[in-house]
4 protein chains.
Amino acid sequence: MIQLVKHKNIAAYQLEKAVGDMERGVDIRRLVVGDAGKFTEEMIDLPYKHYDYSKVLGACCENVIGYVPIPVGIVGPLLIDGQLYHVPMATTEGCLVASTNRGSRALLKCGITTRVTADGMTRAPVVQFPDIVRACEAMSWIEQPQNFEELKNSFDQTSRFARLKKIHPRIAGRDLHLRFVATTGDAMGMNMLSKGTERSLQTLQTYFPDMEIISLSGNLCTDKKPAAVNWIEGRGKSVVCEAIVPANVVMCVLKTSVYELVKLNNKKNLTGSALAGSIGGFNAHAANIVTAIFIATGQDPAQNVSSSNCLTLMEPWGIDGKDLRITCTMPSIEVGTVGGGTGLPAQGACLAMLGIKGAHPTEPGQNARKLSRIVCATVLAAELSLMAALASGDLVKSHLRHNRYVT
Amino acid sequence: MIQLVKHKNIAAYQLEKAVGDMERGVDIRRLVVGDAGKFTEEMIDLPYKHYDYSKVLGACCENVIGYVPIPVGIVGPLLIDGQLYHVPMATTEGCLVASTNRGSRALLKCGITTRVTADGMTRAPVVQFPDIVRACEAMSWIEQPQNFEELKNSFDQTSRFARLKKIHPRIAGRDLHLRFVATTGDAMGMNMLSKGTERSLQTLQTYFPDMEIISLSGNLCTDKKPAAVNWIEGRGKSVVCEAIVPANVVMCVLKTSVYELVKLNNKKNLTGSALAGSIGGFNAHAANIVTAIFIATGQDPAQNVSSSNCLTLMEPWGIDGKDLRITCTMPSIEVGTVGGGTGLPAQGACLAMLGIKGAHPTEPGQNARKLSRIVCATVLAAELSLMAALASGDLVKSHLRHNRYVT
Amino acid sequence: MIQLVKHKNIAAYQLEKAVGDMERGVDIRRLVVGDAGKFTEEMIDLPYKHYDYSKVLGACCENVIGYVPIPVGIVGPLLIDGQLYHVPMATTEGCLVASTNRGSRALLKCGITTRVTADGMTRAPVVQFPDIVRACEAMSWIEQPQNFEELKNSFDQTSRFARLKKIHPRIAGRDLHLRFVATTGDAMGMNMLSKGTERSLQTLQTYFPDMEIISLSGNLCTDKKPAAVNWIEGRGKSVVCEAIVPANVVMCVLKTSVYELVKLNNKKNLTGSALAGSIGGFNAHAANIVTAIFIATGQDPAQNVSSSNCLTLMEPWGIDGKDLRITCTMPSIEVGTVGGGTGLPAQGACLAMLGIKGAHPTEPGQNARKLSRIVCATVLAAELSLMAALASGDLVKSHLRHNRYVT
Amino acid sequence: MIQLVKHKNIAAYQLEKAVGDMERGVDIRRLVVGDAGKFTEEMIDLPYKHYDYSKVLGACCENVIGYVPIPVGIVGPLLIDGQLYHVPMATTEGCLVASTNRGSRALLKCGITTRVTADGMTRAPVVQFPDIVRACEAMSWIEQPQNFEELKNSFDQTSRFARLKKIHPRIAGRDLHLRFVATTGDAMGMNMLSKGTERSLQTLQTYFPDMEIISLSGNLCTDKKPAAVNWIEGRGKSVVCEAIVPANVVMCVLKTSVYELVKLNNKKNLTGSALAGSIGGFNAHAANIVTAIFIATGQDPAQNVSSSNCLTLMEPWGIDGKDLRITCTMPSIEVGTVGGGTGLPAQGACLAMLGIKGAHPTEPGQNARKLSRIVCATVLAAELSLMAALASGDLVKSHLRHNRYVT
């Protein structure tokens, strides 16, 4: 077999199919690649056995040589909208789970209230016209309600779940960038958006035969790149959450005061991020939690770029202002509970632990929305804990025992 | 044991220590947590056996209940600076490895040239003075070369590797945000920066006893949040790479033309990202590659927020402009080959396959810098392939067979 | 009189009223202020005579001590949408008028085509609720079409011209920032927006008595501050324009080549601005033209911050690509032909020269929109000329003879 | 004469020279242009007599047909660093002078303290190399101290005042964008920077003959475009100022409370601008004041785009927190007291009233720096007043009497 691959009688990426046994296929690829790269020995510690590759191949990864295990820590119970959750976080950053857990503990009595304020995945192709006149005509055409309906019909026919909500057109010379926004059931939805958008463009082209489709994505989507458009108009789920932490908890569990926390939040999360020229990064470390939950639950961790957008606000509350009101506003959490990595066994188990594995049986989209609320609430717990640690100044002493620093 | 934990005779996070057997500790925690959350059965598919927890505990994760395996695909050989590499990518996004591999193939003859143009991790505390007059005095004081030397001495004493290069002070009313920049050997370096910065601040405080340290991080660092400061001044490694793809490869392997690629790059990666209000996101999908290599090699995937900053440029080259010159400029790749997740066996194996496991024996920093060059070069391969797919319009057809869409 | 002012028997700002002669009022104020500041002599060169203060007082300025004359140069004829214009520009920057004029000359045969793609002034108050739950309820309420209609009725009743088009709500913890968008006839419209928005909020408050109006402006408007929201969603008039410059004009008038211009546009206006972390500044010097026309025609020059947002694109065109296609896309031109400084005689004269003084007699809004198209077209002419000067490298030699450098 | 111009025997722009009398030249141009544009009558209200064109021609404007008078209101006395100033503001925005004046009054006892924290004008050419290797070599070469000295020598020889402080290189593929930073005496300095930069590039080219100068400006300067680079690294003068407003003044003069002001500042100037995706616009209306002083004193009002960057901070102060501490931080005020419009009589008079006309006799740069401090302090007064008006909710009622709304 190895010889066959080396002599290109079998394509390396089709090994599993050729040998009819997935693990054996992976094994052979390791031998071939290890030999070619002269790192057979170095590869030994990369595990590959006892893993069900059937869900991986043709869906999640190609040219597979094994897997990296990411440790999963459990945070909670976290009281979200009256229900208790244990949240799995896959991370290799020391203290992150412990710190988030401290936040959960501080919030256990008061709980966290969450709301999803918007829901819509996006895809923005770029199309070109002969001149700005035609581009403007197309823009006007799309903005007519009956024409939008026609484009929506084309779009919606491509999926049981994808439902086009609007098209935001942007002109750039003779090009139009059309940002399609759609609900996508319990899927994160990029794939649905691509299909529906392509179909809509075909319909549009029957009216504008001089339109040239430059690319199904013109970067106004915007996927996996920092972009004000996601911060301002939202992408995926837009979520906000809130907690009121009693004075004694701030003192006894968080070891600091409301005064110090509010002052720090203003100087770091608002002013500091303003100085840094940040758009959407008005928080302490939302990306840590987003990434850890994303990896645990089979989301696309590259989407933490936009999904981590977060505004953390704090203010004194209650009599004498000794309690703390804290909110996290996250406009662009890109998540799903079906498709992608969610179909893998371990990742599916993490979703199952949260009660949101797969599609919601009766209300499509509720599982994905619940996941977004859990992400937002866990971010709040983690913000609270890290900010308290920074405010009390014990971050360096307590965390340097471990290998890496939380921020 | 379970009863002891439930009744809080043993703290849940100390289970491993209490039972003296790590895997058994994890097992008990699963039972306790599964019972508390009523998801014992749901958790079954989350693996936890046959894993060496000794490297995890006290270093990478707490409250561990198992691990999620992330499939690792292998890309290459990729010809970087005259040397062949096989690059491991941990991902659950279908087509990503295959597509990047196609890019590698297209680049196999011409190869990729890379350069590291800057190297410096950052940490920016915020300190407060009684008024702007004192803040300005401190700012001036720090800018005096001999005073900087004194702060540098304090900083450098905290580590064998950390070497302070400069302090960029920013004033905001009576606060100073001091962005410390230092080289950190083969470590990503946040931890070193924190230690050194804290020591420097102590020294500064002897000269400015009226200075109050508000927080070791004031968000100007900027870690894991979108921020223009990293794009403009760099963070971690600043890397640029380049390839000249011959006309026939563009045609036969990439199935498109230089004209189409250059046009698309202008309309998508430059204009489209400009329309989106992006700072640093002038590329097609750098974050995909950064994240996949980060997870495979034990980096902090939450740091892909800044590390994915990338400017992809394309221009015609050669006689008749039929060849393609492509460059990727990435100013803020935050990587290390020691510390954090790099110490875990599987992740260490992936580093070993690249020949950069652990600290460089003679020139500290060379391994981390090589990792940053590999990241940048692999991004170039992936940009080339996806852009070609978009230009030739076959993205939807070819990719929709799989579960998710590449961008 | 002077004694009366000094002893505060007459308020300085009411001098004109008190003496019953405006110029004499200004004269007395000069004496009082000159004496107080000991700069009576220094003030001599600041003219104040022969000026009609009746349009100034109570409308455009207070505590008036004279005026500064800004030289007005004339540019043109500029061929815009088939009509010739002579555009007045008030500036003290040497070469600016001459350079823009050269651009006009180059465009005289081909002409410039313009389109207004959107029209809507904005005002965004911030209101606070007891918690996020109530804030979300209000957000949902506003998004209901019948409720929007009710808010619109309140809004529209405050003016004959202001017509509410939409409300874009943004949540930040328990606060809502509500971006009201309305057409405003031929007025720039901030004043109308303020009135209408206040009335709408009163209506909203009858449904949400627990809503607290924090401020009529919460900076999401965004007025006179750099902001991605204006770049992405537009403010005032959104305009795009285009010209195709023949090869011989590029060579003979502009002294450069299409190849050089396109290359420079990519490296400067796209890549350079991307490197600078610009949002909306993808042009060479749109602000110069915007400011000069704004001052000449009585606009608010402080609004050039957003109004100058501009994306300049260039591409080869025609047989052999020897012609140049150039477009300017400007999404947020904030202009009016009634109100503010447009009511002053000289500024009104400049509007009259463009045929757009005051309100359009039959189609309210057409004059303001025409002004926005003239601004955009003149920007195109100026971009063309400066880019040609930079491309041919003669900028320093030719411009250093004068006092200041054009960019 | 008119016939000669019409038949192009005399170039229109050389009329003044041809007729030997400037005002008559302007007069003839008006006749020619008025006839061509058919707006002779409409032009009547645009004044042109009794104006000294000798300072305008060849320096500030071309093709002159007259001037627009901008009303100048006087604000003050304003107590800045222990000295009283009356600040001239040229504006057509009703209430702006009155409102700023109220702020001055509130600050009259406590005064405003200012500091200039940095001083350096910038110019950033873009140069191209054969490949990234050469670009990196050039970058390294420039960063060598002795080479920088050589470039500095070339630069400094071009002016008595311009002194190169540093070069910040940015790489983009095979291009380098080199941001030159220099002090420029009392001139705003763009012109000096251009000359010096060009000379430095010539020197650089002797070492890198394969370097191609694409453009003297590659937009990283960044002049007159919104750009994070100016916010983060400064441009022109970086200034900070501060005042502590006593409790009784907040109550009696500003008609509000410290609590309300601080709350509003957080919700509007920090959070609201964060939501808007602003970089540098963390204030209420700095651009209003910057623009008005710029026009009065002969600055370039198009430069208010960057010069208006401002962070306004407020916090409670004193016993019981009843006093208000307010600061304004403005990193990029681009001003000069020589060159450009400062040479015109009326504008010079406004500078003279501030005691900073022309070059400082003994310490070049002190006049320009003082102007920047006055701008910053006046911004603080205006921020205070508008924020108080918004906080007390009386903005609409009080300001709608006039023609335009202050924000």
# chains A, B, ... in the order shown; residues from 1 in each chain; ligands from 1
>>> interface_residues(of="chain A", to="chain C", cutoff="7 Å", atoms="only C-alpha atoms", output="number ranges by chain")
A: 117, 132, 136, 172-173, 228-229, 232, 240, 242, 313, 327-329
>>> select_by_dssp(residues="stretch 104-332 of chain B", states="strand (DSSP E)", output="count of residues only")
69
>>> residues_around(residues="D:Tyr67", least_positions_apart="5", cutoff="8 Å", atoms="only C-alpha atoms", output="list in words")
Pro69, Ile70, Pro71, Val72, Ala90 and Ala346 of chain C; Leu46, Pro47 and Tyr48 of chain D
>>> atom_distance(atom1="atom CA of A:Gln128", atom2="atom CA of C:Ala368")
28.9 Å
>>> atom_distance(atom1="atom CA of A:Asp156", atom2="atom CA of A:Met192")
9.6 Å
>>> closest_residue(among="C:Arg235, C:Lys225, C:Lys255, C:Lys8", to="D:Ala274", atoms="only C-alpha atoms")
C:Lys225
>>> decode(residues="stretch 177-297 of chain D", atoms="C-alpha atoms", output="PDB file, in the first residue's frame")
ATOM      1  CA  HIS D 177       5.765  52.628   3.728  1.00  0.00           C
ATOM      2  CA  LEU D 178       8.184  54.865   5.642  1.00  0.00           C
ATOM      3  CA  ARG D 179       6.540  57.204   8.128  1.00  0.00           C
ATOM      4  CA  PHE D 180       8.944  60.118   8.648  1.00  0.00           C
ATOM      5  CA  VAL D 181       8.372  62.059  11.877  1.00  0.00           C
ATOM      6  CA  ALA D 182       9.939  65.482  12.367  1.00  0.00           C
ATOM      7  CA  THR D 183       9.616  68.655  14.378  1.00  0.00           C
ATOM      8  CA  THR D 184       8.976  71.674  12.206  1.00  0.00           C
ATOM      9  CA  GLY D 185       9.355  74.817  14.283  1.00  0.00           C
ATOM     10  CA  ASP D 186       6.254  76.972  14.223  1.00  0.00           C
ATOM     11  CA  ALA D 187       5.057  75.664  10.869  1.00  0.00           C
ATOM     12  CA  MET D 188       2.383  73.010  10.626  1.00  0.00           C
ATOM     13  CA  GLY D 189       5.110  71.332   8.624  1.00  0.00           C
ATOM     14  CA  MET D 190       3.690  69.229   5.810  1.00  0.00           C
ATOM     15  CA  ASN D 191       5.722  71.172   3.319  1.00  0.00           C
ATOM     16  CA  MET D 192       8.934  70.792   5.276  1.00  0.00           C
ATOM     17  CA  LEU D 193       8.274  67.107   5.697  1.00  0.00           C
ATOM     18  CA  SER D 194       7.778  66.678   1.968  1.00  0.00           C
ATOM     19  CA  LYS D 195      11.039  68.388   1.141  1.00  0.00           C
ATOM     20  CA  GLY D 196      13.040  66.567   3.779  1.00  0.00           C
ATOM     21  CA  THR D 197      11.498  63.223   2.989  1.00  0.00           C
ATOM     22  CA  GLU D 198      12.271  63.577  -0.669  1.00  0.00           C
ATOM     23  CA  ARG D 199      15.904  64.343   0.107  1.00  0.00           C
ATOM     24  CA  SER D 200      16.152  61.392   2.482  1.00  0.00           C
ATOM     25  CA  LEU D 201      14.753  59.102  -0.179  1.00  0.00           C
ATOM     26  CA  GLN D 202      17.413  60.272  -2.596  1.00  0.00           C
ATOM     27  CA  THR D 203      20.053  59.296  -0.060  1.00  0.00           C
ATOM     28  CA  LEU D 204      18.363  55.961   0.559  1.00  0.00           C
ATOM     29  CA  GLN D 205      18.318  55.328  -3.148  1.00  0.00           C
ATOM     30  CA  THR D 206      22.089  55.581  -3.404  1.00  0.00           C
ATOM     31  CA  TYR D 207      22.204  52.503  -1.176  1.00  0.00           C
ATOM     32  CA  PHE D 208      19.238  50.805  -2.805  1.00  0.00           C
ATOM     33  CA  PRO D 209      19.383  51.663  -6.485  1.00  0.00           C
ATOM     34  CA  ASP D 210      16.734  49.013  -7.154  1.00  0.00           C
ATOM     35  CA  MET D 211      14.252  50.910  -5.003  1.00  0.00           C
ATOM     36  CA  GLU D 212      11.427  52.609  -6.917  1.00  0.00           C
ATOM     37  CA  ILE D 213       9.747  55.634  -5.363  1.00  0.00           C
ATOM     38  CA  ILE D 214       6.062  55.042  -6.009  1.00  0.00           C
ATOM     39  CA  SER D 215       4.769  58.168  -4.324  1.00  0.00           C
ATOM     40  CA  LEU D 216       5.889  60.785  -1.856  1.00  0.00           C
ATOM     41  CA  SER D 217       2.701  59.984   0.046  1.00  0.00           C
ATOM     42  CA  GLY D 218       1.411  56.471   0.460  1.00  0.00           C
ATOM     43  CA  ASN D 219      -1.418  57.450   2.855  1.00  0.00           C
ATOM     44  CA  LEU D 220       0.283  56.203   5.998  1.00  0.00           C
ATOM     45  CA  CYS D 221       1.073  59.836   6.826  1.00  0.00           C
ATOM     46  CA  THR D 222      -2.060  60.060   7.319  1.00  0.00           C
ATOM     47  CA  ASP D 223      -3.220  63.466   6.165  1.00  0.00           C
ATOM     48  CA  LYS D 224      -6.908  64.425   6.207  1.00  0.00           C
ATOM     49  CA  LYS D 225      -8.256  60.914   6.309  1.00  0.00           C
ATOM     50  CA  PRO D 226      -9.530  59.084   9.400  1.00  0.00           C
ATOM     51  CA  ALA D 227      -6.703  56.786  10.511  1.00  0.00           C
ATOM     52  CA  ALA D 228      -5.862  54.801  13.601  1.00  0.00           C
ATOM     53  CA  VAL D 229      -2.170  55.521  13.071  1.00  0.00           C
ATOM     54  CA  ASN D 230      -2.603  59.187  14.035  1.00  0.00           C
ATOM     55  CA  TRP D 231      -4.695  58.269  17.056  1.00  0.00           C
ATOM     56  CA  ILE D 232      -2.132  55.708  18.226  1.00  0.00           C
ATOM     57  CA  GLU D 233       1.193  57.301  17.298  1.00  0.00           C
ATOM     58  CA  GLY D 234       0.203  60.972  17.229  1.00  0.00           C
ATOM     59  CA  ARG D 235       0.608  63.588  14.513  1.00  0.00           C
ATOM     60  CA  GLY D 236       1.459  67.240  14.925  1.00  0.00           C
ATOM     61  CA  LYS D 237       1.042  68.139  18.580  1.00  0.00           C
ATOM     62  CA  SER D 238      -0.178  65.658  21.179  1.00  0.00           C
ATOM     63  CA  VAL D 239      -1.877  67.597  23.929  1.00  0.00           C
ATOM     64  CA  VAL D 240      -3.670  66.787  27.152  1.00  0.00           C
ATOM     65  CA  CYS D 241      -5.536  69.206  29.420  1.00  0.00           C
ATOM     66  CA  GLU D 242      -7.422  69.089  32.666  1.00  0.00           C
ATOM     67  CA  ALA D 243      -9.704  71.062  34.947  1.00  0.00           C
ATOM     68  CA  ILE D 244     -11.339  70.521  38.295  1.00  0.00           C
ATOM     69  CA  VAL D 245     -14.721  72.206  38.335  1.00  0.00           C
ATOM     70  CA  PRO D 246     -16.029  72.958  41.845  1.00  0.00           C
ATOM     71  CA  ALA D 247     -19.370  71.552  42.920  1.00  0.00           C
ATOM     72  CA  ASN D 248     -21.107  74.925  43.115  1.00  0.00           C
ATOM     73  CA  VAL D 249     -20.070  75.820  39.571  1.00  0.00           C
ATOM     74  CA  VAL D 250     -21.395  72.516  38.268  1.00  0.00           C
ATOM     75  CA  MET D 251     -24.678  73.296  39.965  1.00  0.00           C
ATOM     76  CA  CYS D 252     -25.056  77.039  39.367  1.00  0.00           C
ATOM     77  CA  VAL D 253     -23.348  77.632  36.041  1.00  0.00           C
ATOM     78  CA  LEU D 254     -23.742  74.244  34.374  1.00  0.00           C
ATOM     79  CA  LYS D 255     -27.153  73.464  35.916  1.00  0.00           C
ATOM     80  CA  THR D 256     -26.437  69.802  36.379  1.00  0.00           C
ATOM     81  CA  SER D 257     -24.609  67.413  38.704  1.00  0.00           C
ATOM     82  CA  VAL D 258     -21.319  65.580  38.603  1.00  0.00           C
ATOM     83  CA  TYR D 259     -23.218  62.315  38.802  1.00  0.00           C
ATOM     84  CA  GLU D 260     -25.213  63.138  35.676  1.00  0.00           C
ATOM     85  CA  LEU D 261     -22.165  64.386  33.781  1.00  0.00           C
ATOM     86  CA  VAL D 262     -20.029  61.355  34.537  1.00  0.00           C
ATOM     87  CA  LYS D 263     -22.863  58.990  33.676  1.00  0.00           C
ATOM     88  CA  LEU D 264     -23.492  60.784  30.399  1.00  0.00           C
ATOM     89  CA  ASN D 265     -19.809  60.829  29.526  1.00  0.00           C
ATOM     90  CA  ASN D 266     -19.609  57.062  29.967  1.00  0.00           C
ATOM     91  CA  LYS D 267     -22.760  56.361  27.977  1.00  0.00           C
ATOM     92  CA  LYS D 268     -22.140  58.814  25.157  1.00  0.00           C
ATOM     93  CA  ASN D 269     -18.459  59.590  24.754  1.00  0.00           C
ATOM     94  CA  LEU D 270     -17.153  56.144  25.653  1.00  0.00           C
ATOM     95  CA  THR D 271     -19.885  53.552  25.049  1.00  0.00           C
ATOM     96  CA  GLY D 272     -21.765  55.365  22.281  1.00  0.00           C
ATOM     97  CA  SER D 273     -18.618  56.001  20.279  1.00  0.00           C
ATOM     98  CA  ALA D 274     -17.553  52.401  20.869  1.00  0.00           C
ATOM     99  CA  LEU D 275     -20.857  51.229  19.414  1.00  0.00           C
ATOM    100  CA  ALA D 276     -20.386  53.549  16.430  1.00  0.00           C
ATOM    101  CA  GLY D 277     -17.064  51.937  15.575  1.00  0.00           C
ATOM    102  CA  SER D 278     -15.186  55.149  16.186  1.00  0.00           C
ATOM    103  CA  ILE D 279     -11.427  55.376  16.338  1.00  0.00           C
ATOM    104  CA  GLY D 280     -10.454  58.607  18.024  1.00  0.00           C
ATOM    105  CA  GLY D 281     -13.918  60.129  18.333  1.00  0.00           C
ATOM    106  CA  PHE D 282     -14.491  59.668  22.052  1.00  0.00           C
ATOM    107  CA  ASN D 283     -15.881  63.139  22.632  1.00  0.00           C
ATOM    108  CA  ALA D 284     -19.026  65.170  22.136  1.00  0.00           C
ATOM    109  CA  HIS D 285     -18.042  67.784  19.562  1.00  0.00           C
ATOM    110  CA  ALA D 286     -14.327  68.547  19.540  1.00  0.00           C
ATOM    111  CA  ALA D 287     -14.495  69.029  15.759  1.00  0.00           C
ATOM    112  CA  ASN D 288     -16.700  72.085  16.186  1.00  0.00           C
ATOM    113  CA  ILE D 289     -14.087  73.949  18.165  1.00  0.00           C
ATOM    114  CA  VAL D 290     -11.115  72.693  16.214  1.00  0.00           C
ATOM    115  CA  THR D 291     -12.727  73.789  12.956  1.00  0.00           C
ATOM    116  CA  ALA D 292     -13.778  77.205  14.241  1.00  0.00           C
ATOM    117  CA  ILE D 293     -10.352  78.049  15.634  1.00  0.00           C
ATOM    118  CA  PHE D 294      -8.662  76.596  12.558  1.00  0.00           C
ATOM    119  CA  ILE D 295     -10.660  78.830  10.229  1.00  0.00           C
ATOM    120  CA  ALA D 296     -10.131  81.909  12.407  1.00  0.00           C
ATOM    121  CA  THR D 297      -6.379  81.436  12.671  1.00  0.00           C
TER     122      THR D 297
END
